[in-house]
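Structure data (CSV, C-alpha atoms) from query.csv:
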```csv
chain,number,residue,atom,x,y,z
A,234,MET,CA,0.0,0.0,0.0
A,235,ALA,CA,1.1,3.6,-0.5
A,236,ILE,CA,0.3,7.0,0.8
A,237,LEU,CA,-0.9,9.1,-2.2
A,238,ASP,CA,-0.5,12.9,-2.7
A,239,ILE,CA,-3.7,14.9,-2.0
A,240,LEU,CA,-4.4,17.8,-4.4
A,241,GLU,CA,-5.2,21.1,-2.6
A,242,PHE,CA,-7.5,23.9,-3.5
A,243,PRO,CA,-7.3,25.8,-5.8
A,244,ASP,CA,-5.6,23.1,-8.0
A,245,SER,CA,-7.7,23.0,-11.2
A,246,ARG,CA,-7.5,19.2,-11.3
A,247,LEU,CA,-10.0,19.1,-8.4
A,248,ARG,CA,-12.5,20.5,-10.9
A,249,THR,CA,-12.3,17.5,-13.2
A,250,ARG,CA,-15.5,15.4,-13.5
A,251,ALA,CA,-14.6,11.8,-12.8
A,252,ALA,CA,-15.4,9.1,-15.3
A,253,PRO,CA,-17.3,5.9,-14.4
A,254,VAL,CA,-15.3,2.9,-13.3
A,255,VAL,CA,-15.6,0.1,-15.9
A,256,GLU,CA,-12.7,-2.2,-14.9
A,257,PHE,CA,-13.3,-4.0,-11.5
A,258,ASP,CA,-9.8,-5.5,-11.2
A,259,ALA,CA,-6.8,-5.7,-8.9
A,260,ASP,CA,-5.7,-2.1,-9.9
A,261,LEU,CA,-9.1,-0.8,-8.6
A,262,GLN,CA,-8.7,-2.8,-5.3
A,263,LYS,CA,-5.2,-1.5,-4.9
A,264,LEU,CA,-6.3,2.1,-5.5
A,265,ALA,CA,-9.1,1.7,-2.9
A,266,GLN,CA,-6.6,0.4,-0.3
A,267,ASP,CA,-4.1,3.1,-1.1
A,268,MET,CA,-6.9,5.7,-0.7
A,269,LEU,CA,-7.9,4.3,2.6
A,270,GLU,CA,-4.3,4.3,3.9
A,271,THR,CA,-4.0,7.9,2.6
A,272,MET,CA,-7.3,9.0,4.3
A,273,TYR,CA,-6.3,7.4,7.6
A,274,ALA,CA,-2.8,9.0,7.5
A,275,ALA,CA,-4.1,12.5,6.7
A,276,PRO,CA,-6.2,12.0,8.9
A,277,GLY,CA,-9.7,12.3,7.4
A,278,VAL,CA,-13.1,10.5,7.2
A,279,GLY,CA,-13.5,10.5,3.5
A,280,LEU,CA,-11.5,10.7,0.3
A,281,ALA,CA,-12.5,10.8,-3.4
A,282,ALA,CA,-10.2,9.5,-6.2
A,283,THR,CA,-10.3,13.0,-7.7
A,284,GLN,CA,-8.4,14.3,-4.7
A,285,VAL,CA,-5.5,12.0,-5.5
A,286,ASN,CA,-5.6,12.9,-9.1
A,287,VAL,CA,-7.3,9.8,-10.3
A,288,HIS,CA,-10.4,10.8,-12.2
A,289,GLU,CA,-12.6,7.8,-11.7
A,290,ARG,CA,-15.8,7.5,-9.6
A,291,LEU,CA,-14.4,6.0,-6.5
A,292,VAL,CA,-14.8,7.1,-2.9
A,293,VAL,CA,-13.6,5.7,0.5
A,294,ILE,CA,-15.1,6.7,3.8
A,295,ASP,CA,-14.8,5.7,7.5
A,296,VAL,CA,-16.7,7.8,10.0
A,297,SER,CA,-16.3,5.3,12.8
A,298,ASP,CA,-14.7,6.5,16.0
A,299,SER,CA,-12.4,3.4,16.0
A,300,ARG,CA,-11.4,3.9,12.4
A,301,ASP,CA,-12.1,0.3,11.6
A,302,ALA,CA,-15.3,0.4,9.4
A,303,PRO,CA,-14.1,1.4,5.9
A,304,LEU,CA,-16.6,1.8,3.2
A,305,VAL,CA,-15.8,1.8,-0.5
A,306,PHE,CA,-18.2,3.3,-3.1
A,307,VAL,CA,-17.6,2.8,-6.8
A,308,ASN,CA,-19.8,4.8,-9.2
A,309,PRO,CA,-21.9,6.2,-6.4
A,310,GLU,CA,-25.1,8.2,-7.1
A,311,VAL,CA,-27.1,10.0,-4.5
A,312,GLU,CA,-30.8,10.6,-4.6
A,313,VAL,CA,-32.4,13.2,-2.2
A,314,LEU,CA,-35.4,11.6,-0.5
A,315,GLY,CA,-37.0,14.6,1.2
A,316,ASP,CA,-37.0,18.3,1.7
A,317,SER,CA,-35.2,18.3,5.1
A,318,THR,CA,-31.8,19.8,5.4
A,319,GLY,CA,-29.2,20.2,8.1
A,320,GLU,CA,-26.2,22.3,8.8
A,321,TRP,CA,-22.8,20.7,9.3
A,322,ASP,CA,-19.3,22.0,9.9
A,323,GLU,CA,-17.4,20.5,7.0
A,324,GLY,CA,-13.7,20.3,6.4
A,325,CYS,CA,-11.7,18.8,3.6
A,326,LEU,CA,-8.3,17.2,3.0
A,327,SER,CA,-8.0,19.3,-0.1
A,328,VAL,CA,-8.8,22.5,1.8
A,329,PRO,CA,-6.6,21.8,4.9
A,330,GLY,CA,-7.2,23.8,8.1
A,331,PHE,CA,-10.6,25.2,7.1
A,332,TYR,CA,-14.0,24.3,8.5
A,333,GLU,CA,-17.2,26.0,7.4
A,334,THR,CA,-20.9,25.4,7.8
A,335,VAL,CA,-22.6,23.8,4.8
A,336,VAL,CA,-26.3,23.0,4.4
A,337,ARG,CA,-27.1,19.6,2.8
A,338,PRO,CA,-30.1,17.3,2.5
A,339,THR,CA,-30.5,14.9,5.5
A,340,GLU,CA,-32.4,12.1,3.8
A,341,VAL,CA,-30.6,10.5,0.9
A,342,LEU,CA,-30.4,7.1,-0.9
A,343,VAL,CA,-27.0,6.1,-2.2
A,344,ARG,CA,-26.6,3.6,-5.0
A,345,ALA,CA,-23.1,2.3,-5.7
A,346,GLN,CA,-21.0,-0.8,-6.5
A,347,ASP,CA,-18.3,-2.4,-4.4
A,348,VAL,CA,-14.8,-3.0,-5.7
A,349,SER,CA,-16.0,-6.3,-7.2
A,350,GLY,CA,-18.7,-4.5,-9.1
A,351,GLU,CA,-21.6,-5.8,-7.0
A,352,PRO,CA,-24.3,-3.1,-6.7
A,353,PHE,CA,-25.7,-2.0,-3.3
A,354,GLU,CA,-27.9,0.6,-1.8
A,355,LEU,CA,-27.6,2.5,1.5
A,356,ARG,CA,-29.8,5.0,3.4
A,357,PRO,CA,-27.2,6.8,5.5
A,358,ASP,CA,-27.9,9.5,8.1
A,359,GLY,CA,-25.9,11.9,10.1
A,360,LEU,CA,-22.2,12.3,9.4
A,361,LEU,CA,-22.1,9.4,7.0
A,362,ALA,CA,-24.8,11.0,4.8
A,363,VAL,CA,-23.0,14.3,4.8
A,364,CYS,CA,-19.6,12.7,4.1
A,365,ILE,CA,-21.0,10.7,1.1
A,366,GLN,CA,-22.5,13.8,-0.4
A,367,HIS,CA,-19.3,15.7,0.1
A,368,GLU,CA,-17.2,13.0,-1.6
A,369,ILE,CA,-19.6,12.6,-4.5
A,370,ASP,CA,-19.3,16.4,-5.0
A,371,HIS,CA,-15.6,15.8,-5.5
A,372,LEU,CA,-16.3,13.3,-8.2
A,373,ASN,CA,-18.4,16.0,-9.9
A,374,GLY,CA,-15.7,18.6,-9.7
A,375,LYS,CA,-17.3,20.5,-6.8
A,376,LEU,CA,-15.7,21.4,-3.4
A,377,PHE,CA,-17.4,22.4,-0.2
A,378,VAL,CA,-16.0,25.9,-0.6
A,379,ASP,CA,-18.4,26.2,-3.6
A,380,TYR,CA,-21.3,26.4,-1.0
A,381,LEU,CA,-19.7,29.4,0.6
A,382,SER,CA,-20.0,33.1,-0.3
A,383,PRO,CA,-17.5,34.3,-3.0
A,384,LEU,CA,-15.8,36.4,-0.4
A,385,LYS,CA,-15.2,33.5,2.0
A,386,ARG,CA,-14.1,31.3,-0.8
A,387,GLN,CA,-11.6,33.9,-2.1
A,388,ARG,CA,-10.2,34.4,1.4
A,389,ILE,CA,-9.6,30.7,1.8
A,390,ARG,CA,-7.9,30.5,-1.7
A,391,LYS,CA,-5.6,33.4,-0.8
A,392,LYS,CA,-4.5,31.8,2.5
A,393,LEU,CA,-3.8,28.5,0.9
A,394,GLU,CA,-1.9,30.1,-1.9
A,395,LYS,CA,0.2,32.0,0.6
A,396,GLN,CA,0.9,28.8,2.6
A,397,THR,CA,2.0,27.1,-0.6
A,398,ARG,CA,4.4,29.9,-1.6
A,399,GLN,CA,5.9,29.9,1.9
A,400,GLN,CA,6.5,26.1,1.8
A,401,ALA,CA,8.2,26.3,-1.7
```
The structure in this file should be written as structure tokens.
Amino acid sequence: MAILDILEFPDSRLRTRAAPVVEFDADLQKLAQDMLETMYAAPGVGLAATQVNVHERLVVIDVSDSRDAPLVFVNPEVEVLGDSTGEWDEGCLSVPGFYETVVRPTEVLVRAQDVSGEPFELRPDGLLAVCIQHEIDHLNGKLFVDYLSPLKRQRIRKKLEKQTRQQA
């Protein structure tokens, strides 16, 4: 397994729309394992393939306190089931050090495949529902900062660009 490099906002590659996974092979299983290792090391609760510059529809998540309940979603789709929404403080491994309140649907149905290609459905709630929506946004080229005001988004961009210059 390997720790992968995580792209950081405002890297334009984060805006790439991921393509559906069509090959369910050992390479996909290795990528999922590498992504889980990367997510745990970061540390985070979710990671989309787009964030590691692989533009395929693959997401890994583990919202358990004990960090021993990994979930892998291949070609995930989310369907909003109701009108109810909730506010969550979200952070992102691609926007390190920033947490902002985002409003998202609270009732969703997720359809996906596992790394073997077997389809499954899930009706998550709470943090898991938020995390799945956040990671699927990545697959669609969207970041949680896109839910913020232009002023907040620009302020975050400038701070991250300044950090990058200082580290170079």
Exercise for the section: Tell me which protein, DNA and RNA residues are within 12 Å of A:Val307, counting all atoms listed in the file, leaving out same-chain ones fewer than 4 positions away, and put them as a PyMOL selection string. Expected result: chain A and resi 251-257+261-262+264-265+281-282+289-294+343-354+365+368-369+372
Let's have the selection written as an mmCIF file, in the frame of the given file, with C-alpha atoms.
```cif
data_model
loop_
_atom_site.group_PDB
_atom_site.id
_atom_site.type_symbol
_atom_site.label_atom_id
_atom_site.label_comp_id
_atom_site.auth_asym_id
_atom_site.auth_seq_id
_atom_site.Cartn_x
_atom_site.Cartn_y
_atom_site.Cartn_z
ATOM 1 C CA ALA A 251 -14.600 11.800 -12.800
ATOM 2 C CA ALA A 252 -15.400 9.100 -15.300
ATOM 3 C CA PRO A 253 -17.300 5.900 -14.400
ATOM 4 C CA VAL A 254 -15.300 2.900 -13.300
ATOM 5 C CA VAL A 255 -15.600 0.100 -15.900
ATOM 6 C CA GLU A 256 -12.700 -2.200 -14.900
ATOM 7 C CA PHE A 257 -13.300 -4.000 -11.500
ATOM 8 C CA LEU A 261 -9.100 -0.800 -8.600
ATOM 9 C CA GLN A 262 -8.700 -2.800 -5.300
ATOM 10 C CA LEU A 264 -6.300 2.100 -5.500
ATOM 11 C CA ALA A 265 -9.100 1.700 -2.900
ATOM 12 C CA ALA A 281 -12.500 10.800 -3.400
ATOM 13 C CA ALA A 282 -10.200 9.500 -6.200
ATOM 14 C CA GLU A 289 -12.600 7.800 -11.700
ATOM 15 C CA ARG A 290 -15.800 7.500 -9.600
ATOM 16 C CA LEU A 291 -14.400 6.000 -6.500
ATOM 17 C CA VAL A 292 -14.800 7.100 -2.900
ATOM 18 C CA VAL A 293 -13.600 5.700 0.500
ATOM 19 C CA ILE A 294 -15.100 6.700 3.800
ATOM 20 C CA VAL A 343 -27.000 6.100 -2.200
ATOM 21 C CA ARG A 344 -26.600 3.600 -5.000
ATOM 22 C CA ALA A 345 -23.100 2.300 -5.700
ATOM 23 C CA GLN A 346 -21.000 -0.800 -6.500
ATOM 24 C CA ASP A 347 -18.300 -2.400 -4.400
ATOM 25 C CA VAL A 348 -14.800 -3.000 -5.700
ATOM 26 C CA SER A 349 -16.000 -6.300 -7.200
ATOM 27 C CA GLY A 350 -18.700 -4.500 -9.100
ATOM 28 C CA GLU A 351 -21.600 -5.800 -7.000
ATOM 29 C CA PRO A 352 -24.300 -3.100 -6.700
ATOM 30 C CA PHE A 353 -25.700 -2.000 -3.300
ATOM 31 C CA GLU A 354 -27.900 0.600 -1.800
ATOM 32 C CA ILE A 365 -21.000 10.700 1.100
ATOM 33 C CA GLU A 368 -17.200 13.000 -1.600
ATOM 34 C CA ILE A 369 -19.600 12.600 -4.500
ATOM 35 C CA LEU A 372 -16.300 13.300 -8.200
#
```
Exercise for the section: Extract, using all atoms listed in the file, all DNA, RNA and protein residues at most 7 Å from A:Val285, discarding same-chain residues fewer than 4 positions from it, and format them as a count of residues only. Expected result: 4
Practice task
Mind giving me the straight-line distance from atom CA of A:Leu361 to atom CA of A:Leu304 in Å, one decimal?
Solution key: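 Calculated distance between atom CA of A:Leu361 and atom CA of A:Leu304 is 10.1 Å.
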Exercise for the section: Can you work out which one of A:Val328, A:Glu333, A:Asp322, A:Thr271 has the shortest atom-to-atom distance to A:Glu394, counting all atoms listed in the file? Expected result: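 The shortest atom-to-atom distance to A:Glu394 comes from A:Val328.
Computed from the coordinates, the atom CA of A:Ser317 to atom CA of A:Asn373 distance equals 22.6 Å.
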Completion exercise
A straight line from atom CA of A:His367 to atom CA of A:Met234 spans 24.9 Å
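Selection around (-14.6, 10.1, 8.3) with radius 7 Å, counting all atoms listed in the file, yields the residues A:Gly277, A:Val278, A:Gly279, A:Ile294, A:Asp295, A:Val296, A:Ser297.
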Those same residues - C-alpha atoms - I'd like them written as an mmCIF file, keeping the file's coordinate frame.
```
data_model
loop_
_atom_site.group_PDB
_atom_site.id
_atom_site.type_symbol
_atom_site.label_atom_id
_atom_site.label_comp_id
_atom_site.auth_asym_id
_atom_site.auth_seq_id
_atom_site.Cartn_x
_atom_site.Cartn_y
_atom_site.Cartn_z
ATOM 1 C CA GLY A 277 -9.700 12.300 7.400
ATOM 2 C CA VAL A 278 -13.100 10.500 7.200
ATOM 3 C CA GLY A 279 -13.500 10.500 3.500
ATOM 4 C CA ILE A 294 -15.100 6.700 3.800
ATOM 5 C CA ASP A 295 -14.800 5.700 7.500
ATOM 6 C CA VAL A 296 -16.700 7.800 10.000
ATOM 7 C CA SER A 297 -16.300 5.300 12.800
#
```
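You can rank A:Gly374, A:Pro357, A:Gly315, A:Pro329 by their closest distance to A:Lys392 using all atoms listed in the file, and at the top of that list sits A:Pro329.
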